[in-house]
Amino acid sequence: MNTLRIVGGLAVSLFLSGAFIAPSRAAQGDPVAGKATYEKTCSLCHGTTGKGDGPAAAALPTKPRNHTDGNYMNQLKDDYLFKIIKEGGAAVGKAQFMPAWGTQLKDPEIWNVIAYIRTLAVPPYQTTAAPLAPAAPAAPAPPAKPKEANK
Ligand code: HEC
């Protein structure tokens with residue numbers, strides 16, 4: 001009996017943590033705050049609209065990524081984006097012309113920027129959050145994450 005309860009409790013906590021953390025860490029970020037950081041910090045190279053056409057782009061031997069290219073960007077995982085933004089292009093085998101921002105941006109600010117980058121993609125970036133939610137067991141429903149958080 002006790003074992004059953006422990007297993008049940010474990011399943012519930014796994015479900016809860018999965019529901020809130022696993023789907024997309026970018027969904028935790030605030031895309032509005034991220035936009036402001038992006039325009040201040042990234043647009044010099046990536047352009048204000050993220051097309052990779054910022055004022056410094058022409059002078060760079062490796063062109064800044066077009067963040068609106070969903071066919072490319074949507075394949076990149078959140079953790080990878082976090083690493084290249086925090087540690088720079090060289091840390092992931094990309095051009096060093098993509099600087100490391102870890103000394104200027106705090107981790108939550110990086111997640112905000114990632115949340116914003118996710119809004120730029122055409123075709124749109126799909127989080128895995130939606131398919132996970134309906135498959136959940138019919139336990140007392142945890143408060144649903146507001147949809148706006150994914151924007
Ligand atoms: C000094 C110019 C410059 C600035 C400023 C800059 N980047 Fe980049 N970024 C680059 C270049 C160049 C690349 C292309 C690297 C490559 O393809 O090897 C790149 C690539 C990227 C990529 C794509 C990585 C990939 O796998 O293709 C992401 C994501 C990115 N930058 C995010 C950012 C973010 C977020 C900021 C602002 C916090 C930023 N960059 C600021 C130059 C810059």
# chains A, B, ... in the order shown; residues from 1 in each chain; ligands from 1
call {"tool": "residues_near_ligand", "arguments": {"ligand": "ligand 1", "cutoff": "6 Å", "atoms": "only C-alpha atoms and all ligand atoms", "output": "mmCIF file with N, CA and C atoms, in the first residue's frame"}}
result
data_model
loop_
_atom_site.group_PDB
_atom_site.id
_atom_site.type_symbol
_atom_site.label_atom_id
_atom_site.label_comp_id
_atom_site.auth_asym_id
_atom_site.auth_seq_id
_atom_site.Cartn_x
_atom_site.Cartn_y
_atom_site.Cartn_z
ATOM 1 N N TYR A 38 16.890 42.434 -27.337
ATOM 2 C CA TYR A 38 17.310 42.091 -28.701
ATOM 3 C C TYR A 38 17.635 43.352 -29.499
ATOM 4 N N THR A 41 20.844 44.823 -28.026
ATOM 5 C CA THR A 41 22.059 44.020 -27.988
ATOM 6 C C THR A 41 22.349 43.244 -29.273
ATOM 7 N N CYS A 42 21.341 42.796 -29.966
ATOM 8 C CA CYS A 42 21.535 41.854 -31.073
ATOM 9 C C CYS A 42 21.341 42.494 -32.438
ATOM 10 N N LEU A 44 22.361 45.089 -33.918
ATOM 11 C CA LEU A 44 23.517 45.622 -34.640
ATOM 12 C C LEU A 44 23.926 44.663 -35.752
ATOM 13 N N CYS A 45 23.885 43.385 -35.455
ATOM 14 C CA CYS A 45 24.236 42.371 -36.461
ATOM 15 C C CYS A 45 23.003 41.681 -37.043
ATOM 16 N N THR A 62 31.354 36.108 -41.727
ATOM 17 C CA THR A 62 30.280 35.114 -41.594
ATOM 18 C C THR A 62 29.015 35.892 -41.303
ATOM 19 N N LYS A 63 27.993 35.680 -42.089
ATOM 20 C CA LYS A 63 26.785 36.488 -41.947
ATOM 21 C C LYS A 63 25.982 36.076 -40.713
ATOM 22 N N PRO A 64 25.460 37.071 -39.991
ATOM 23 C CA PRO A 64 24.615 36.765 -38.833
ATOM 24 C C PRO A 64 23.382 35.990 -39.287
ATOM 25 N N ARG A 65 22.954 35.080 -38.459
ATOM 26 C CA ARG A 65 21.796 34.239 -38.787
ATOM 27 C C ARG A 65 20.525 35.069 -38.972
ATOM 28 N N LEU A 81 20.355 27.256 -28.133
ATOM 29 C CA LEU A 81 20.263 28.714 -28.272
ATOM 30 C C LEU A 81 20.841 29.389 -27.037
ATOM 31 N N ILE A 85 24.139 31.867 -27.139
ATOM 32 C CA ILE A 85 23.961 33.261 -26.723
ATOM 33 C C ILE A 85 24.841 33.557 -25.513
ATOM 34 N N GLY A 89 29.501 32.005 -30.397
ATOM 35 C CA GLY A 89 29.534 31.077 -31.528
ATOM 36 C C GLY A 89 30.612 30.013 -31.398
ATOM 37 N N LYS A 94 30.512 27.447 -34.053
ATOM 38 C CA LYS A 94 30.096 28.457 -35.032
ATOM 39 C C LYS A 94 31.097 29.600 -35.021
ATOM 40 N N ALA A 95 30.870 30.558 -35.901
ATOM 41 C CA ALA A 95 31.816 31.662 -36.042
ATOM 42 C C ALA A 95 31.941 32.467 -34.747
ATOM 43 N N PHE A 97 32.376 35.441 -34.608
ATOM 44 C CA PHE A 97 31.759 36.767 -34.805
ATOM 45 C C PHE A 97 30.424 36.858 -34.098
ATOM 46 N N MET A 98 29.906 35.710 -33.693
ATOM 47 C CA MET A 98 28.738 35.713 -32.810
ATOM 48 C C MET A 98 29.301 35.761 -31.390
ATOM 49 N N PRO A 99 29.210 36.949 -30.732
ATOM 50 C CA PRO A 99 29.869 37.118 -29.427
ATOM 51 C C PRO A 99 29.184 36.342 -28.301
ATOM 52 N N VAL A 113 15.221 36.661 -24.340
ATOM 53 C CA VAL A 113 15.623 36.855 -25.733
ATOM 54 C C VAL A 113 15.244 35.628 -26.567
#
call {"tool": "atom_distance", "arguments": {"atom1": "CA of Ala33 in chain A", "atom2": "CA of Asn112 in chain A"}}
result
6.2 Å
call {"tool": "atom_distance", "arguments": {"atom1": "CA of Lys106 in chain A", "atom2": "CA of Ala58 in chain A"}}
result
28.7 Å
call {"tool": "residues_around", "arguments": {"residues": "Glu109 in chain A", "least_positions_apart": "3", "cutoff": "12 Å", "atoms": "only C-alpha atoms", "output": "list of chain:residue names"}}
result
A:Ala26, A:Gln28, A:Gly29, A:Asp30, A:Pro31, A:Val32, A:Ala33, A:Gly34, A:Lys35, A:Ala36, A:Thr37, A:Tyr38, A:Thr41, A:Phe82, A:Ile85, A:Lys86, A:Trp101, A:Gly102, A:Thr103, A:Gln104, A:Leu105, A:Lys106, A:Asn112, A:Val113, A:Ile114, A:Ala115, A:Tyr116
call {"tool": "write_last_selection", "arguments": {"atoms": "N, CA and C atoms", "output": "tab-separated table (two decimals), in the first residue's frame"}}
result
chain	number	residue	atom	x	y	z
A	26	ALA	N	11.96	28.15	-23.32
A	26	ALA	CA	11.77	29.48	-23.87
A	26	ALA	C	10.42	30.03	-23.44
A	28	GLN	N	9.17	30.04	-20.68
A	28	GLN	CA	9.28	30.72	-19.39
A	28	GLN	C	9.71	32.17	-19.56
A	29	GLY	N	10.32	32.45	-20.69
A	29	GLY	CA	10.86	33.78	-20.91
A	29	GLY	C	9.76	34.78	-21.26
A	30	ASP	N	10.09	36.04	-21.12
A	30	ASP	CA	9.14	37.11	-21.45
A	30	ASP	C	9.57	37.72	-22.79
A	31	PRO	N	8.82	37.43	-23.86
A	31	PRO	CA	9.24	37.89	-25.18
A	31	PRO	C	9.23	39.41	-25.32
A	32	VAL	N	8.42	40.09	-24.51
A	32	VAL	CA	8.38	41.56	-24.61
A	32	VAL	C	9.67	42.16	-24.07
A	33	ALA	N	10.10	41.66	-22.90
A	33	ALA	CA	11.39	42.10	-22.35
A	33	ALA	C	12.52	41.65	-23.29
A	34	GLY	N	12.36	40.47	-23.86
A	34	GLY	CA	13.37	39.94	-24.77
A	34	GLY	C	13.54	40.79	-26.01
A	35	LYS	N	12.44	41.34	-26.49
A	35	LYS	CA	12.48	42.20	-27.68
A	35	LYS	C	13.35	43.43	-27.41
A	36	ALA	N	13.15	44.03	-26.23
A	36	ALA	CA	13.91	45.23	-25.89
A	36	ALA	C	15.41	44.92	-25.83
A	37	THR	N	15.74	43.77	-25.21
A	37	THR	CA	17.14	43.37	-25.13
A	37	THR	C	17.69	43.10	-26.53
A	38	TYR	N	16.89	42.43	-27.34
A	38	TYR	CA	17.31	42.09	-28.70
A	38	TYR	C	17.64	43.35	-29.50
A	41	THR	N	20.84	44.82	-28.03
A	41	THR	CA	22.06	44.02	-27.99
A	41	THR	C	22.35	43.24	-29.27
A	82	PHE	N	20.51	28.82	-25.87
A	82	PHE	CA	21.01	29.38	-24.62
A	82	PHE	C	22.54	29.37	-24.62
A	85	ILE	N	24.14	31.87	-27.14
A	85	ILE	CA	23.96	33.26	-26.72
A	85	ILE	C	24.84	33.56	-25.51
A	86	LYS	N	24.86	32.64	-24.56
A	86	LYS	CA	25.65	32.87	-23.34
A	86	LYS	C	27.15	32.77	-23.60
A	101	TRP	N	27.49	36.49	-24.64
A	101	TRP	CA	26.78	37.55	-23.91
A	101	TRP	C	26.66	37.27	-22.43
A	102	GLY	N	27.30	36.20	-21.97
A	102	GLY	CA	27.16	35.77	-20.58
A	102	GLY	C	27.58	36.80	-19.56
A	103	THR	N	28.49	37.70	-19.92
A	103	THR	CA	28.91	38.69	-18.94
A	103	THR	C	27.95	39.89	-18.90
A	104	GLN	N	27.20	40.07	-19.97
A	104	GLN	CA	26.29	41.22	-20.03
A	104	GLN	C	24.85	40.88	-19.73
A	105	LEU	N	24.44	39.66	-20.07
A	105	LEU	CA	23.04	39.28	-19.88
A	105	LEU	C	22.95	38.19	-18.81
A	106	LYS	N	22.02	38.38	-17.87
A	106	LYS	CA	21.76	37.34	-16.87
A	106	LYS	C	20.96	36.22	-17.54
A	112	ASN	N	14.55	35.36	-21.96
A	112	ASN	CA	13.62	36.33	-22.55
A	112	ASN	C	13.92	36.54	-24.03
A	113	VAL	N	15.22	36.66	-24.34
A	113	VAL	CA	15.62	36.85	-25.73
A	113	VAL	C	15.24	35.63	-26.57
A	114	ILE	N	15.44	34.44	-26.01
A	114	ILE	CA	15.08	33.21	-26.73
A	114	ILE	C	13.57	33.20	-26.98
A	115	ALA	N	12.80	33.58	-25.95
A	115	ALA	CA	11.34	33.62	-26.12
A	115	ALA	C	10.97	34.57	-27.26
A	116	TYR	N	11.70	35.69	-27.34
A	116	TYR	CA	11.43	36.65	-28.42
A	116	TYR	C	11.83	36.08	-29.78
call {"tool": "atom_distance", "arguments": {"atom1": "CA of Thr68 in chain A", "atom2": "CA of Val122 in chain A"}}
result
5.7 Å
call {"tool": "residues_around", "arguments": {"residues": "Ala121 in chain A", "least_positions_apart": "6", "cutoff": "12 Å", "atoms": "only C-alpha atoms", "output": "list in words"}}
result
Thr49, Gly50, Lys51, Arg65, Asn66, His67, Thr68, Asp69, Gly70, Asn71, Tyr72, Met73, Asn74, Gln75, Leu76, Ile114, Ala115 and Lys151 of chain A
call {"tool": "write_last_selection", "arguments": {"atoms": "N, CA and C atoms", "output": "JSON list (two decimals), in the first residue's frame"}}
result
[["chain", "number", "residue", "atom", "x", "y", "z"],
["A", 49, "THR", "N", 14.61, 43.56, -37.15],
["A", 49, "THR", "CA", 13.54, 42.59, -37.38],
["A", 49, "THR", "C", 14.08, 41.16, -37.42],
["A", 50, "GLY", "N", 15.38, 41.00, -37.12],
["A", 50, "GLY", "CA", 15.95, 39.65, -36.98],
["A", 50, "GLY", "C", 16.34, 38.98, -38.28],
["A", 51, "LYS", "N", 16.33, 39.74, -39.38],
["A", 51, "LYS", "CA", 16.61, 39.12, -40.68],
["A", 51, "LYS", "C", 18.10, 38.92, -40.96],
["A", 65, "ARG", "N", 22.95, 35.08, -38.46],
["A", 65, "ARG", "CA", 21.80, 34.24, -38.79],
["A", 65, "ARG", "C", 20.53, 35.07, -38.97],
["A", 66, "ASN", "N", 19.74, 34.69, -39.97],
["A", 66, "ASN", "CA", 18.40, 35.26, -40.15],
["A", 66, "ASN", "C", 17.45, 34.54, -39.19],
["A", 67, "HIS", "N", 17.06, 35.21, -38.12],
["A", 67, "HIS", "CA", 16.24, 34.57, -37.08],
["A", 67, "HIS", "C", 14.78, 34.41, -37.50],
["A", 68, "THR", "N", 14.41, 34.98, -38.65],
["A", 68, "THR", "CA", 13.04, 34.79, -39.11],
["A", 68, "THR", "C", 12.91, 33.52, -39.97],
["A", 69, "ASP", "N", 14.05, 32.89, -40.27],
["A", 69, "ASP", "CA", 14.03, 31.68, -41.09],
["A", 69, "ASP", "C", 13.62, 30.47, -40.24],
["A", 70, "GLY", "N", 12.33, 30.26, -40.14],
["A", 70, "GLY", "CA", 11.80, 29.20, -39.28],
["A", 70, "GLY", "C", 12.28, 27.81, -39.69],
["A", 71, "ASN", "N", 12.47, 27.60, -40.99],
["A", 71, "ASN", "CA", 12.90, 26.26, -41.44],
["A", 71, "ASN", "C", 14.23, 25.89, -40.81],
["A", 72, "TYR", "N", 15.08, 26.89, -40.55],
["A", 72, "TYR", "CA", 16.35, 26.63, -39.89],
["A", 72, "TYR", "C", 16.21, 26.76, -38.37],
["A", 73, "MET", "N", 15.68, 27.91, -37.94],
["A", 73, "MET", "CA", 15.67, 28.24, -36.50],
["A", 73, "MET", "C", 14.83, 27.26, -35.67],
["A", 74, "ASN", "N", 13.75, 26.75, -36.24],
["A", 74, "ASN", "CA", 12.86, 25.88, -35.46],
["A", 74, "ASN", "C", 13.49, 24.54, -35.14],
["A", 75, "GLN", "N", 14.58, 24.22, -35.84],
["A", 75, "GLN", "CA", 15.25, 22.96, -35.54],
["A", 75, "GLN", "C", 16.22, 23.09, -34.37],
["A", 76, "LEU", "N", 16.52, 24.33, -33.99],
["A", 76, "LEU", "CA", 17.49, 24.55, -32.92],
["A", 76, "LEU", "C", 16.79, 24.42, -31.57],
["A", 114, "ILE", "N", 15.44, 34.44, -26.01],
["A", 114, "ILE", "CA", 15.08, 33.21, -26.73],
["A", 114, "ILE", "C", 13.57, 33.20, -26.98],
["A", 115, "ALA", "N", 12.80, 33.58, -25.95],
["A", 115, "ALA", "CA", 11.34, 33.62, -26.12],
["A", 115, "ALA", "C", 10.97, 34.57, -27.26],
["A", 151, "LYS", "N", 3.98, 33.58, -26.40],
["A", 151, "LYS", "CA", 4.10, 34.51, -27.53],
["A", 151, "LYS", "C", 5.53, 34.94, -27.77]]
call {"tool": "decode", "arguments": {"residues": "range 108-125 of chain A", "atoms": "C-alpha atoms", "output": "compact mmCIF listing (two decimals), in the first residue's frame"}}
result
# COMPACT_ATOMS: atom_id res chain seq x y z
CA PRO A 108 16.68 35.02 -17.28
CA GLU A 109 17.42 37.80 -19.76
CA ILE A 110 18.82 35.21 -22.17
CA TRP A 111 15.61 33.17 -21.83
CA ASN A 112 13.62 36.33 -22.55
CA VAL A 113 15.62 36.85 -25.73
CA ILE A 114 15.08 33.21 -26.73
CA ALA A 115 11.34 33.62 -26.12
CA TYR A 116 11.43 36.65 -28.42
CA ILE A 117 13.49 34.90 -31.11
CA ARG A 118 10.89 32.11 -31.11
CA THR A 119 8.22 34.66 -32.09
CA LEU A 120 10.19 35.71 -35.20
CA ALA A 121 10.16 32.37 -37.00
CA VAL A 122 8.27 31.90 -40.26
CA PRO A 123 6.85 29.26 -40.38
CA PRO A 124 6.03 29.70 -36.67
CA TYR A 125 7.85 27.83 -33.94
